[in-house]
Each structure stands twice: as C-alpha cells, then as structure tokens.
Amino acid sequence: MSPLLVLIVAVLATSYAGPIVRFAAAPALAIAFWRLALVLPVTGGLAVLEGSGEQGAGSSVTRQRLLPAPRSLLPLMTLSGLLLALHFWSWIASLRFTTVASSVVLVSLKPVFAWGIAAAWLREHPTRAEAWGIALAVIGASLIGLGDARLSSGALGGDVLALLGALTGAGYYVIGRRVRQTVGIWRYATAVYAVAAAALALLALARSMPLVGFAGRDWTVFGAMAAGPMLIGHTGMNYALRHFRATTVNVAALGEPVGASVIAWLVPAIHEVPPMTALVGGVLVLSGIALSLKAGNGKGETEVGTRNSGASLIS
C-alpha cells in the first residue's frame, strides 16, 4: 500500500480518540491497557503470518539489512513499549483535567521533541521546506488550543501530563523510525504493544486499580479505541516510519487535533465549540502538513538506507 495513503488514514483514525475517551468512566490506566491488549490477538496473528520479515524490510535502495539483527534490537523495542505505555497513560489522564483540544494539541507537540531527538540520535534533519511545514503546523495547533487556555491548578496539571505525553510519544516514534528499517510492521507492533500493555498492567496492580468489572459503555470505548486509534492509527504510523522521517510522521499526526476538535464540537454530549482562532489554526495545521509531506515524501527511506549502508561499510 502507498505509505502516504496509510499515513493519512492512520491520522484520520486517531482523530476520535480524544473525544471518545470522555464517554468512559474507567480509569486512565484501564483505558490505556485495553486499547493495547485488545489489538494483540490481531497483530500477533499477523506477525506469525509475516514470517521472517516484511517484504523489502531492509531498504528499497540497497536491498540490504541495514541495522543489527532483530535480537539486538530487543532493548530498543522494549524501551519503545515503555515509552508508549507512559505516553498513553499521561495523555488519557490529562483528559480528566483539561479540554479535548488543549490536551490533544499539547500532546501533538511531538514533532518539536521528535525533531531534537532524531537530530541528536539518528542525525536526521528536516529540509527547509519541512521545517517551515513543522512551524506552520505547530503554530496552527497552538491556535486551536488557545481558546481553551485555563489558569486553574487542575488544568495546569492536565497540561503537564499532556506535555509528558508529547515527550514520551516523540521518543517512541523516533525509536520506531530506527527499528522499522529491518523489523516487519506486525512483529514490531506486537512486541511494542505487548510491552506497553504489560507495563500498564503492572502499574495498575501497584496502584490497586481494577482492569475488569466495568460497564458495557466502557467496554465499547475500549473496543473503539483499539480498532481505530490503535490498530489502524498507531500501526499505520509505525508502518509509515520506514518510509518517512519521524518528524514527518509526527507532523502528519498534527491533523489529529483538527479532527478531534471538530468531533468534540459536533458530538452533543461534549459540544466544545471551537473559537475563530481554532478555524485559523486548522488551516495552518493542514497547510503545514501538506508542505511537510510534499517535501519529505520518498526521501526518508533513501536517506536512512544511504546513511546506514555507509556506516556498515565503515564498520
């Protein structure tokens, strides 16, 4: 499938994650755990069918396996799962204290953190056009949440949790960018989701939080979160990481607050009416995404392949 098409569908699938969480009475840890656990039978089955690896799992340029064997990548995959667990918990917890728009926007600052981490670790730097796209999208996302700014201590706590979600989410995607060059999508997704689910289960046990015994509406939310934002959304973005830089994927993810704000406005039970600044911000976000994707389309995999093949020759 076209990586660009997969990325667009993935972003659309994540858009309703923020609004739908409002319908669950279950604690944040339970929501985060079940959105991961419910997809594992699907990803695990597909991982078995995937066999030795995704077709073209190295590089379409060099046709070589550019990174170490999957066993040596297990520590990175474990760290990725732990970061994903912390990302989900902090983001879902933030929704208890602040609005959908504010929380999703702050979490969507991931491109800023991903830019720094990828530049320092992977030596991946966006082009000038991509940098302008990132700037436009982040400014637009900030405008979307501007009208929801609150000064109460509760909202501040939610903002801090959302920013923590942004930092951990960026680390998760940058690690995925590196590992996905040689590890197939379903094997990677299964390993990372399993680690994240186990970490959340242990945290729930330590805090004496139940993971079962919820109402039917909660289970409906769990299933909806697993099917759309998790299986299609996150897995689709992980698929795209082999073809796009981590910063590019994170910029595309900034389309999430646009969709989330629209849904939160249209759903009567939430009905958070976006101000005029949100409309302007939405236009900037979509413009920035388009600019960044156009500049980065097809370049990410080539650069990773070239850099790593050079490194393997040196070693």
# chains A, B, ... in the order shown; residues from 1 in each chain; ligands from 1
$ residues_around --residues "stretch 279-284 of chain A" --least-positions-apart "6" --cutoff "10 Å" --atoms "only C-alpha atoms" --output "MDAnalysis selection string"
chainID A and resid 133 135:146 254:255 257:259 261:262 290
$ write_last_selection --atoms "N, CA and C atoms" --output "PDB file, in the first residue's frame"
ATOM      1  N   GLY A 133       7.022  23.624   7.276  1.00  0.00           N
ATOM      2  CA  GLY A 133       5.781  22.883   7.496  1.00  0.00           C
ATOM      3  C   GLY A 133       5.559  22.568   8.958  1.00  0.00           C
ATOM      4  N   ALA A 135       6.779  24.272  11.499  1.00  0.00           N
ATOM      5  CA  ALA A 135       6.477  25.531  12.185  1.00  0.00           C
ATOM      6  C   ALA A 135       5.020  25.938  11.974  1.00  0.00           C
ATOM      7  N   LEU A 136       4.542  25.851  10.736  1.00  0.00           N
ATOM      8  CA  LEU A 136       3.149  26.209  10.454  1.00  0.00           C
ATOM      9  C   LEU A 136       2.192  25.314  11.217  1.00  0.00           C
ATOM     10  N   ALA A 137       2.459  24.008  11.202  1.00  0.00           N
ATOM     11  CA  ALA A 137       1.552  23.061  11.849  1.00  0.00           C
ATOM     12  C   ALA A 137       1.519  23.259  13.360  1.00  0.00           C
ATOM     13  N   VAL A 138       2.680  23.483  13.967  1.00  0.00           N
ATOM     14  CA  VAL A 138       2.730  23.676  15.422  1.00  0.00           C
ATOM     15  C   VAL A 138       2.037  24.976  15.819  1.00  0.00           C
ATOM     16  N   ILE A 139       2.267  26.057  15.047  1.00  0.00           N
ATOM     17  CA  ILE A 139       1.582  27.320  15.331  1.00  0.00           C
ATOM     18  C   ILE A 139       0.073  27.147  15.200  1.00  0.00           C
ATOM     19  N   GLY A 140      -0.343  26.448  14.146  1.00  0.00           N
ATOM     20  CA  GLY A 140      -1.772  26.213  13.960  1.00  0.00           C
ATOM     21  C   GLY A 140      -2.367  25.391  15.080  1.00  0.00           C
ATOM     22  N   ALA A 141      -1.637  24.351  15.511  1.00  0.00           N
ATOM     23  CA  ALA A 141      -2.123  23.527  16.618  1.00  0.00           C
ATOM     24  C   ALA A 141      -2.223  24.338  17.901  1.00  0.00           C
ATOM     25  N   SER A 142      -1.288  25.248  18.099  1.00  0.00           N
ATOM     26  CA  SER A 142      -1.333  26.101  19.285  1.00  0.00           C
ATOM     27  C   SER A 142      -2.548  27.025  19.255  1.00  0.00           C
ATOM     28  N   LEU A 143      -2.880  27.533  18.074  1.00  0.00           N
ATOM     29  CA  LEU A 143      -4.053  28.394  17.950  1.00  0.00           C
ATOM     30  C   LEU A 143      -5.336  27.623  18.243  1.00  0.00           C
ATOM     31  N   ILE A 144      -5.370  26.359  17.863  1.00  0.00           N
ATOM     32  CA  ILE A 144      -6.561  25.545  18.130  1.00  0.00           C
ATOM     33  C   ILE A 144      -6.827  25.455  19.626  1.00  0.00           C
ATOM     34  N   GLY A 145      -5.757  25.295  20.401  1.00  0.00           N
ATOM     35  CA  GLY A 145      -5.925  25.165  21.848  1.00  0.00           C
ATOM     36  C   GLY A 145      -5.913  26.471  22.601  1.00  0.00           C
ATOM     37  N   LEU A 146      -5.656  27.583  21.905  1.00  0.00           N
ATOM     38  CA  LEU A 146      -5.536  28.871  22.585  1.00  0.00           C
ATOM     39  C   LEU A 146      -6.820  29.273  23.295  1.00  0.00           C
ATOM     40  N   LEU A 254      -0.336  15.889  13.503  1.00  0.00           N
ATOM     41  CA  LEU A 254      -0.953  17.131  13.967  1.00  0.00           C
ATOM     42  C   LEU A 254      -2.329  17.348  13.355  1.00  0.00           C
ATOM     43  N   GLY A 255      -2.683  16.529  12.380  1.00  0.00           N
ATOM     44  CA  GLY A 255      -4.050  16.577  11.874  1.00  0.00           C
ATOM     45  C   GLY A 255      -5.043  16.056  12.896  1.00  0.00           C
ATOM     46  N   PRO A 257      -5.540  16.946  16.208  1.00  0.00           N
ATOM     47  CA  PRO A 257      -6.322  17.935  16.947  1.00  0.00           C
ATOM     48  C   PRO A 257      -7.373  18.632  16.100  1.00  0.00           C
ATOM     49  N   VAL A 258      -7.123  18.735  14.788  1.00  0.00           N
ATOM     50  CA  VAL A 258      -8.131  19.334  13.914  1.00  0.00           C
ATOM     51  C   VAL A 258      -9.376  18.457  13.900  1.00  0.00           C
ATOM     52  N   GLY A 259      -9.175  17.169  13.633  1.00  0.00           N
ATOM     53  CA  GLY A 259     -10.312  16.248  13.623  1.00  0.00           C
ATOM     54  C   GLY A 259     -10.948  16.092  14.978  1.00  0.00           C
ATOM     55  N   SER A 261     -11.062  18.282  17.435  1.00  0.00           N
ATOM     56  CA  SER A 261     -11.822  19.480  17.785  1.00  0.00           C
ATOM     57  C   SER A 261     -13.166  19.518  17.064  1.00  0.00           C
ATOM     58  N   VAL A 262     -13.157  19.098  15.798  1.00  0.00           N
ATOM     59  CA  VAL A 262     -14.409  19.059  15.033  1.00  0.00           C
ATOM     60  C   VAL A 262     -15.382  18.062  15.646  1.00  0.00           C
ATOM     61  N   ALA A 290       0.633  19.474   4.652  1.00  0.00           N
ATOM     62  CA  ALA A 290       0.795  19.312   3.205  1.00  0.00           C
ATOM     63  C   ALA A 290       2.206  19.678   2.762  1.00  0.00           C
TER      64      ALA A 290
END
$ residues_around --residues "A:Leu203" --least-positions-apart "4" --cutoff "12 Å" --atoms "only C-alpha atoms" --output "ChimeraX atom specification"
/A:28-30,32-33,82,85-86,89,196-199,207-211
$ write_last_selection --atoms "N, CA, C and O atoms" --output "PDB file, in the first residue's frame"
ATOM      1  N   ALA A  28      -7.865   5.951  33.702  1.00  0.00           N
ATOM      2  CA  ALA A  28      -6.996   6.113  32.543  1.00  0.00           C
ATOM      3  C   ALA A  28      -6.134   4.880  32.290  1.00  0.00           C
ATOM      4  O   ALA A  28      -5.912   4.487  31.134  1.00  0.00           O
ATOM      5  N   LEU A  29      -5.648   4.262  33.344  1.00  0.00           N
ATOM      6  CA  LEU A  29      -4.806   3.086  33.177  1.00  0.00           C
ATOM      7  C   LEU A  29      -5.556   1.952  32.496  1.00  0.00           C
ATOM      8  O   LEU A  29      -4.998   1.241  31.644  1.00  0.00           O
ATOM      9  N   ALA A  30      -6.811   1.761  32.858  1.00  0.00           N
ATOM     10  CA  ALA A  30      -7.603   0.693  32.256  1.00  0.00           C
ATOM     11  C   ALA A  30      -7.857   0.963  30.769  1.00  0.00           C
ATOM     12  O   ALA A  30      -7.785   0.065  29.933  1.00  0.00           O
ATOM     13  N   ALA A  32      -5.992   2.783  28.752  1.00  0.00           N
ATOM     14  CA  ALA A  32      -4.735   2.609  28.035  1.00  0.00           C
ATOM     15  C   ALA A  32      -4.385   1.131  27.885  1.00  0.00           C
ATOM     16  O   ALA A  32      -3.913   0.696  26.821  1.00  0.00           O
ATOM     17  N   PHE A  33      -4.616   0.340  28.948  1.00  0.00           N
ATOM     18  CA  PHE A  33      -4.295  -1.085  28.891  1.00  0.00           C
ATOM     19  C   PHE A  33      -5.136  -1.814  27.849  1.00  0.00           C
ATOM     20  O   PHE A  33      -4.607  -2.553  27.014  1.00  0.00           O
ATOM     21  N   LEU A  82       7.782   0.802  26.660  1.00  0.00           N
ATOM     22  CA  LEU A  82       7.655   1.523  27.926  1.00  0.00           C
ATOM     23  C   LEU A  82       7.283   2.984  27.694  1.00  0.00           C
ATOM     24  O   LEU A  82       6.451   3.555  28.420  1.00  0.00           O
ATOM     25  N   ALA A  85       3.620   3.142  26.756  1.00  0.00           N
ATOM     26  CA  ALA A  85       2.767   2.996  27.932  1.00  0.00           C
ATOM     27  C   ALA A  85       2.657   4.310  28.690  1.00  0.00           C
ATOM     28  O   ALA A  85       1.553   4.738  29.081  1.00  0.00           O
ATOM     29  N   LEU A  86       3.775   4.974  28.905  1.00  0.00           N
ATOM     30  CA  LEU A  86       3.771   6.251  29.617  1.00  0.00           C
ATOM     31  C   LEU A  86       3.050   7.324  28.801  1.00  0.00           C
ATOM     32  O   LEU A  86       2.346   8.175  29.353  1.00  0.00           O
ATOM     33  N   TRP A  89      -0.791   6.630  29.147  1.00  0.00           N
ATOM     34  CA  TRP A  89      -1.308   6.924  30.481  1.00  0.00           C
ATOM     35  C   TRP A  89      -1.353   8.427  30.734  1.00  0.00           C
ATOM     36  O   TRP A  89      -2.362   8.967  31.195  1.00  0.00           O
ATOM     37  N   ALA A 196       4.088  -2.521  26.306  1.00  0.00           N
ATOM     38  CA  ALA A 196       3.314  -1.402  26.844  1.00  0.00           C
ATOM     39  C   ALA A 196       2.136  -1.899  27.680  1.00  0.00           C
ATOM     40  O   ALA A 196       1.871  -1.370  28.765  1.00  0.00           O
ATOM     41  N   ALA A 197       1.435  -2.911  27.186  1.00  0.00           N
ATOM     42  CA  ALA A 197       0.293  -3.455  27.932  1.00  0.00           C
ATOM     43  C   ALA A 197       0.749  -4.068  29.253  1.00  0.00           C
ATOM     44  O   ALA A 197       0.102  -3.883  30.295  1.00  0.00           O
ATOM     45  N   ALA A 198       1.862  -4.795  29.232  1.00  0.00           N
ATOM     46  CA  ALA A 198       2.379  -5.404  30.461  1.00  0.00           C
ATOM     47  C   ALA A 198       2.785  -4.339  31.468  1.00  0.00           C
ATOM     48  O   ALA A 198       2.519  -4.463  32.668  1.00  0.00           O
ATOM     49  N   ALA A 199       3.419  -3.281  31.003  1.00  0.00           N
ATOM     50  CA  ALA A 199       3.833  -2.201  31.898  1.00  0.00           C
ATOM     51  C   ALA A 199       2.626  -1.528  32.535  1.00  0.00           C
ATOM     52  O   ALA A 199       2.626  -1.222  33.745  1.00  0.00           O
ATOM     53  N   ARG A 207      -0.959   0.174  41.869  1.00  0.00           N
ATOM     54  CA  ARG A 207      -1.834   1.235  42.370  1.00  0.00           C
ATOM     55  C   ARG A 207      -3.218   0.713  42.763  1.00  0.00           C
ATOM     56  O   ARG A 207      -4.107   1.495  43.072  1.00  0.00           O
ATOM     57  N   SER A 208      -3.356  -0.610  42.761  1.00  0.00           N
ATOM     58  CA  SER A 208      -4.632  -1.260  43.139  1.00  0.00           C
ATOM     59  C   SER A 208      -5.810  -0.746  42.303  1.00  0.00           C
ATOM     60  O   SER A 208      -6.913  -0.527  42.816  1.00  0.00           O
ATOM     61  N   MET A 209      -5.568  -0.546  41.020  1.00  0.00           N
ATOM     62  CA  MET A 209      -6.618  -0.098  40.109  1.00  0.00           C
ATOM     63  C   MET A 209      -7.174  -1.287  39.348  1.00  0.00           C
ATOM     64  O   MET A 209      -6.416  -2.100  38.814  1.00  0.00           O
ATOM     65  N   PRO A 210      -8.485  -1.436  39.297  1.00  0.00           N
ATOM     66  CA  PRO A 210      -9.084  -2.589  38.604  1.00  0.00           C
ATOM     67  C   PRO A 210      -8.946  -2.478  37.096  1.00  0.00           C
ATOM     68  O   PRO A 210      -8.974  -1.389  36.526  1.00  0.00           O
ATOM     69  N   LEU A 211      -8.809  -3.614  36.441  1.00  0.00           N
ATOM     70  CA  LEU A 211      -8.773  -3.678  34.980  1.00  0.00           C
ATOM     71  C   LEU A 211      -9.985  -4.404  34.413  1.00  0.00           C
ATOM     72  O   LEU A 211     -10.109  -4.552  33.194  1.00  0.00           O
TER      73      LEU A 211
END
$ closest_residue --among "A:Ala17, A:Ile270, A:Val179, A:Ile8" --to "A:Gly228" --atoms "only C-alpha atoms"
A:Ala17
$ atom_distance --atom1 "atom CA of A:Pro75" --atom2 "atom CA of A:Gly45"
22.7 Å
$ residues_around --residues "A:Gly171" --least-positions-apart "6" --cutoff "8 Å" --atoms "only C-alpha atoms" --output "list in words"
Ser80, Leu83, Phe113, Ala114 and Ile117 of chain A
$ residues_around --residues "A:Glu272" --least-positions-apart "4" --cutoff "9 Å" --atoms "only C-alpha atoms" --output "tab-separated table (two decimals) with C-alpha atoms, in the first residue's frame"
chain	number	residue	atom	x	y	z
A	99	THR	CA	-10.35	20.07	27.40
A	100	VAL	CA	-10.01	17.68	24.48
A	101	ALA	CA	-8.49	20.42	22.31
A	261	SER	CA	-11.82	19.48	17.78
A	262	VAL	CA	-14.41	19.06	15.03
A	263	ILE	CA	-15.73	15.86	16.61
A	264	ALA	CA	-15.78	17.42	20.10
A	265	TRP	CA	-17.82	20.28	18.62
A	266	LEU	CA	-20.33	18.11	16.74
A	267	VAL	CA	-20.96	15.49	19.44
A	268	PRO	CA	-23.80	16.86	21.61
$ atom_distance --atom1 "atom CA of A:His234" --atom2 "atom CA of A:Arg180"
13.5 Å
$ residues_around --residues "A:Gly165" --least-positions-apart "4" --cutoff "8 Å" --atoms "only C-alpha atoms" --output "count of residues only"
9
$ closest_residue --among "A:Ala189, A:Val48, A:Val42, A:Met77" --to "A:Tyr239" --atoms "only C-alpha atoms"
A:Ala189
$ select_by_dssp --residues "stretch 97-205 of chain A" --states "alpha helix (DSSP H)" --output "MDAnalysis selection string"
chainID A and resid 100:107 110:121 128:146 153:179 185:205
$ residues_around --residues "A:Val251" --least-positions-apart "4" --cutoff "7 Å" --atoms "only C-alpha atoms" --output "tab-separated table (two decimals) with N, CA and C atoms, in the first residue's frame"
chain	number	residue	atom	x	y	z
A	111	PRO	N	6.21	16.65	17.28
A	111	PRO	CA	7.21	16.94	16.24
A	111	PRO	C	8.39	17.77	16.74
A	134	ILE	N	6.64	22.16	9.66
A	134	ILE	CA	6.56	21.90	11.09
A	134	ILE	C	6.14	23.15	11.84
A	137	ALA	N	2.46	24.01	11.20
A	137	ALA	CA	1.55	23.06	11.85
A	137	ALA	C	1.52	23.26	13.36
A	247	THR	N	10.03	12.94	12.25
A	247	THR	CA	9.44	14.28	12.33
A	247	THR	C	8.29	14.43	11.34
A	289	ILE	N	1.05	20.45	7.26
A	289	ILE	CA	1.12	19.02	6.98
A	289	ILE	C	1.38	18.77	5.50
$ atom_distance --atom1 "atom CA of A:Phe244" --atom2 "atom CA of A:Ser292"
10.5 Å
